[in-house]
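As stored in work.csv (CSV, N, CA and C atoms):
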chain,number,residue,atom,x,y,z
A,197,MET,N,125.8,-124.1,107.2
A,197,MET,CA,126.7,-123.4,108.2
A,197,MET,C,127.1,-122.1,107.7
A,198,PHE,N,127.6,-122.0,106.4
A,198,PHE,CA,128.1,-120.7,105.9
A,198,PHE,C,127.1,-120.2,104.8
A,199,GLN,N,125.9,-120.6,104.7
A,199,GLN,CA,125.0,-120.3,103.6
A,199,GLN,C,124.8,-118.8,103.5
A,200,ASP,N,124.8,-118.0,104.6
A,200,ASP,CA,124.5,-116.6,104.6
A,200,ASP,C,125.8,-115.8,104.5
A,201,SER,N,126.9,-116.3,104.1
A,201,SER,CA,128.1,-115.6,104.1
A,201,SER,C,128.5,-115.2,102.7
A,202,PRO,N,128.6,-113.9,102.4
A,202,PRO,CA,129.0,-113.5,101.0
A,202,PRO,C,130.4,-114.0,100.6
A,203,ILE,N,131.3,-114.1,101.6
A,203,ILE,CA,132.6,-114.6,101.2
A,203,ILE,C,132.6,-116.0,100.8
A,204,TYR,N,131.8,-116.8,101.6
A,204,TYR,CA,131.6,-118.3,101.3
A,204,TYR,C,131.0,-118.4,99.9
A,205,ASP,N,130.0,-117.6,99.6
A,205,ASP,CA,129.3,-117.7,98.3
A,205,ASP,C,130.3,-117.4,97.2
A,206,ARG,N,131.1,-116.4,97.4
A,206,ARG,CA,132.1,-116.0,96.3
A,206,ARG,C,133.1,-117.1,96.1
A,207,LEU,N,133.6,-117.7,97.2
A,207,LEU,CA,134.5,-118.8,97.1
A,207,LEU,C,133.9,-120.0,96.4
A,208,ILE,N,132.7,-120.3,96.6
A,208,ILE,CA,132.0,-121.4,95.9
A,208,ILE,C,131.9,-121.1,94.4
A,209,ALA,N,131.6,-119.8,94.1
A,209,ALA,CA,131.5,-119.4,92.7
A,209,ALA,C,132.8,-119.5,92.0
A,210,GLU,N,133.9,-119.2,92.7
A,210,GLU,CA,135.2,-119.2,92.1
A,210,GLU,C,135.8,-120.6,92.1
A,211,ARG,N,135.7,-121.3,93.2
A,211,ARG,CA,136.4,-122.6,93.3
A,211,ARG,C,135.5,-123.8,93.3
A,212,GLY,N,134.3,-123.7,93.4
A,212,GLY,CA,133.4,-124.8,93.4
A,212,GLY,C,133.1,-125.2,94.9
A,213,ASP,N,132.1,-126.0,95.2
A,213,ASP,CA,131.7,-126.4,96.5
A,213,ASP,C,132.6,-127.5,97.0
A,214,VAL,N,133.8,-127.2,97.4
A,214,VAL,CA,134.8,-128.2,97.8
A,214,VAL,C,134.3,-129.1,99.0
A,215,PRO,N,133.7,-128.5,100.0
A,215,PRO,CA,133.3,-129.4,101.1
A,215,PRO,C,132.2,-130.4,100.7
A,216,THR,N,131.3,-130.0,99.8
A,216,THR,CA,130.4,-131.0,99.3
A,216,THR,C,131.1,-132.1,98.4
A,217,GLN,N,132.0,-131.7,97.6
A,217,GLN,CA,132.8,-132.6,96.8
A,217,GLN,C,133.5,-133.6,97.7
A,218,VAL,N,134.2,-133.1,98.7
A,218,VAL,CA,134.9,-134.0,99.6
A,218,VAL,C,134.0,-134.9,100.4
A,219,ARG,N,132.8,-134.4,100.8
A,219,ARG,CA,131.9,-135.3,101.5
A,219,ARG,C,131.4,-136.4,100.6
A,220,ARG,N,131.1,-136.1,99.3
A,220,ARG,CA,130.6,-137.1,98.4
A,220,ARG,C,131.7,-138.2,98.1
A,221,GLU,N,133.0,-137.7,98.0
A,221,GLU,CA,134.1,-138.6,97.7
A,221,GLU,C,134.3,-139.5,99.0
A,222,ALA,N,134.2,-138.9,100.2
A,222,ALA,CA,134.3,-139.7,101.4
A,222,ALA,C,133.2,-140.8,101.5
A,223,GLU,N,132.0,-140.4,101.1
A,223,GLU,CA,130.9,-141.4,101.1
A,223,GLU,C,131.2,-142.5,100.1
A,224,ARG,N,131.7,-142.2,98.9
A,224,ARG,CA,132.0,-143.2,97.9
A,224,ARG,C,133.1,-144.1,98.4
A,225,VAL,N,134.1,-143.6,99.0
A,225,VAL,CA,135.2,-144.4,99.5
A,225,VAL,C,134.7,-145.3,100.6
A,226,SER,N,133.8,-144.8,101.5
A,226,SER,CA,133.3,-145.6,102.5
A,226,SER,C,132.5,-146.7,102.0
A,227,ARG,N,131.7,-146.5,101.0
A,227,ARG,CA,130.9,-147.6,100.4
A,227,ARG,C,131.8,-148.6,99.7
A,228,GLU,N,132.8,-148.2,99.0
A,228,GLU,CA,133.8,-149.2,98.4
A,228,GLU,C,134.5,-150.0,99.5
A,229,LEU,N,134.9,-149.3,100.6
A,229,LEU,CA,135.5,-150.1,101.7
A,229,LEU,C,134.6,-151.1,102.3
A,230,GLU,N,133.4,-150.7,102.5
A,230,GLU,CA,132.4,-151.6,103.1
A,230,GLU,C,132.2,-152.8,102.2
A,231,PHE,N,132.1,-152.6,100.9
A,231,PHE,CA,132.0,-153.7,99.9
A,231,PHE,C,133.2,-154.6,99.9
A,232,VAL,N,134.4,-154.0,100.0
A,232,VAL,CA,135.6,-154.8,100.0
A,232,VAL,C,135.7,-155.6,101.3
A,233,MET,N,135.3,-155.1,102.4
A,233,MET,CA,135.4,-155.7,103.7
A,233,MET,C,134.3,-156.8,103.9
A,234,GLN,N,133.3,-156.9,103.1
A,234,GLN,CA,132.3,-157.9,103.2
A,234,GLN,C,132.8,-159.4,103.3
A,235,PRO,N,133.8,-159.8,102.5
A,235,PRO,CA,134.3,-161.1,102.6
A,235,PRO,C,134.9,-161.4,104.0
A,236,LEU,N,135.5,-160.5,104.6
A,236,LEU,CA,136.1,-160.6,106.0
A,236,LEU,C,135.0,-160.8,107.0
A,237,GLN,N,133.9,-160.0,106.8
A,237,GLN,CA,132.8,-160.1,107.8
A,237,GLN,C,132.1,-161.4,107.7
A,238,SER,N,132.0,-162.0,106.5
A,238,SER,CA,131.3,-163.3,106.3
A,238,SER,C,132.2,-164.5,106.8
A,239,MET,N,133.4,-164.2,107.3
A,239,MET,CA,134.2,-165.3,107.8
A,239,MET,C,134.0,-165.6,109.2
A,240,GLY,N,132.9,-165.1,109.8
A,240,GLY,CA,132.6,-165.4,111.2
A,240,GLY,C,133.0,-164.3,112.1
A,241,ARG,N,133.3,-163.2,111.7
A,241,ARG,CA,133.7,-162.1,112.6
A,241,ARG,C,132.5,-161.6,113.2
A,242,SER,N,132.5,-161.4,114.5
A,242,SER,CA,131.3,-160.9,115.2
A,242,SER,C,131.2,-159.4,115.1
A,243,HIS,N,132.2,-158.7,114.9
A,243,HIS,CA,132.2,-157.2,114.8
A,243,HIS,C,132.7,-156.8,113.4
A,244,PRO,N,131.9,-155.9,112.7
A,244,PRO,CA,132.3,-155.5,111.4
A,244,PRO,C,133.7,-154.9,111.3
A,245,GLY,N,134.2,-154.2,112.2
A,245,GLY,CA,135.5,-153.6,112.1
A,245,GLY,C,136.6,-154.5,112.6
A,246,GLU,N,136.3,-155.7,113.1
A,246,GLU,CA,137.3,-156.6,113.7
A,246,GLU,C,138.1,-157.2,112.6
A,247,LEU,N,139.4,-157.1,112.7
A,247,LEU,CA,140.3,-157.7,111.7
A,247,LEU,C,140.9,-159.0,112.3
A,248,PRO,N,141.3,-159.9,111.4
A,248,PRO,CA,141.9,-161.2,112.0
A,248,PRO,C,143.2,-160.8,112.7
A,249,SER,N,143.3,-161.5,113.9
A,249,SER,CA,144.5,-161.3,114.7
A,249,SER,C,145.7,-162.1,114.1
A,250,ALA,N,146.8,-161.4,114.1
A,250,ALA,CA,148.0,-162.1,113.6
A,250,ALA,C,148.6,-163.0,114.6
A,251,PRO,N,149.2,-164.1,114.2
A,251,PRO,CA,149.8,-165.0,115.2
A,251,PRO,C,150.9,-164.3,115.9
A,252,ALA,N,151.1,-164.8,117.1
A,252,ALA,CA,152.2,-164.2,117.9
A,252,ALA,C,153.5,-164.4,117.2
A,253,PRO,N,154.4,-163.4,117.2
A,253,PRO,CA,155.7,-163.6,116.6
A,253,PRO,C,156.5,-164.7,117.4
A,254,GLN,N,157.2,-165.5,116.6
A,254,GLN,CA,158.1,-166.5,117.2
A,254,GLN,C,159.5,-166.1,116.9
A,255,TRP,N,160.1,-165.4,117.8
A,255,TRP,CA,161.5,-164.9,117.6
A,255,TRP,C,162.5,-166.0,117.9
A,256,GLN,N,163.5,-166.0,117.2
A,256,GLN,CA,164.6,-167.0,117.4
A,256,GLN,C,165.9,-166.2,117.4
A,257,ARG,N,166.7,-166.4,118.4
A,257,ARG,CA,168.0,-165.8,118.5
A,257,ARG,C,169.0,-166.7,117.8
A,258,THR,N,169.7,-166.2,116.8
A,258,THR,CA,170.7,-167.0,116.1
A,258,THR,C,172.0,-166.2,116.1
A,259,ALA,N,173.1,-166.9,116.1
A,259,ALA,CA,174.4,-166.2,116.1
A,259,ALA,C,174.7,-165.8,114.6
A,260,LEU,N,175.2,-164.7,114.4
A,260,LEU,CA,175.6,-164.2,113.1
A,260,LEU,C,177.1,-164.4,113.0
A,261,MET,N,177.5,-164.8,111.8
A,261,MET,CA,178.9,-164.9,111.6
A,261,MET,C,179.5,-163.5,111.5
A,262,PRO,N,180.7,-163.2,111.9
A,262,PRO,CA,181.3,-161.9,111.8
A,262,PRO,C,181.4,-161.5,110.3
A,263,GLY,N,181.3,-160.3,110.0
A,263,GLY,CA,181.4,-159.8,108.7
A,263,GLY,C,182.9,-159.7,108.3
A,264,PRO,N,183.2,-159.3,107.1
A,264,PRO,CA,184.6,-159.1,106.7
A,264,PRO,C,185.2,-158.0,107.5
A,265,GLY,N,186.4,-158.3,108.0
A,265,GLY,CA,187.2,-157.3,108.7
A,265,GLY,C,186.8,-157.2,110.2
A,266,GLN,N,185.9,-158.0,110.7
A,266,GLN,CA,185.4,-158.0,112.1
A,266,GLN,C,186.0,-159.1,112.9
A,267,LEU,N,187.0,-159.8,112.5
A,267,LEU,CA,187.5,-160.9,113.2
A,267,LEU,C,188.5,-160.5,114.2

Encoded form using structure tokens:
Amino acid sequence: MFQDSPIYDRLIAERGDVPTQVRREAERVSRELEFVMQPLQSMGRSHPGELPSAPAPQWQRTALMPGPGQL
């Protein structure tokens, strides 16, 4: 994309190829995440990104006793 840009070339010379470093790190994290998610996928999930659904919350209304000085 910026291969023919002298400004880009100078930035790479001064700071390093940050976009390439970020891309490599993102690929590494993606591989690690895929490895970690494998046990969930083997539990019968039909879609790789599907997470187990949480049970519906069971709310209970309870009366609270008044605090000190609230009588």

What is the CA of Pro215 in chain A-CA of Asp200 in chain A distance in Å, reported with one decimal?
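CA of Asp200 in chain A lies 15.9 Å from CA of Pro215 in chain A.
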
Report, in Å with one decimal, the straight-line distance from CA of Pro202 in chain A to atom C of Arg220 in chain A.
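The value is 25.0 Å.
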
What's the separation between CA of Asp213 in chain A and CA of Val225 in chain A, in Å to one decimal place?
18.6 Å
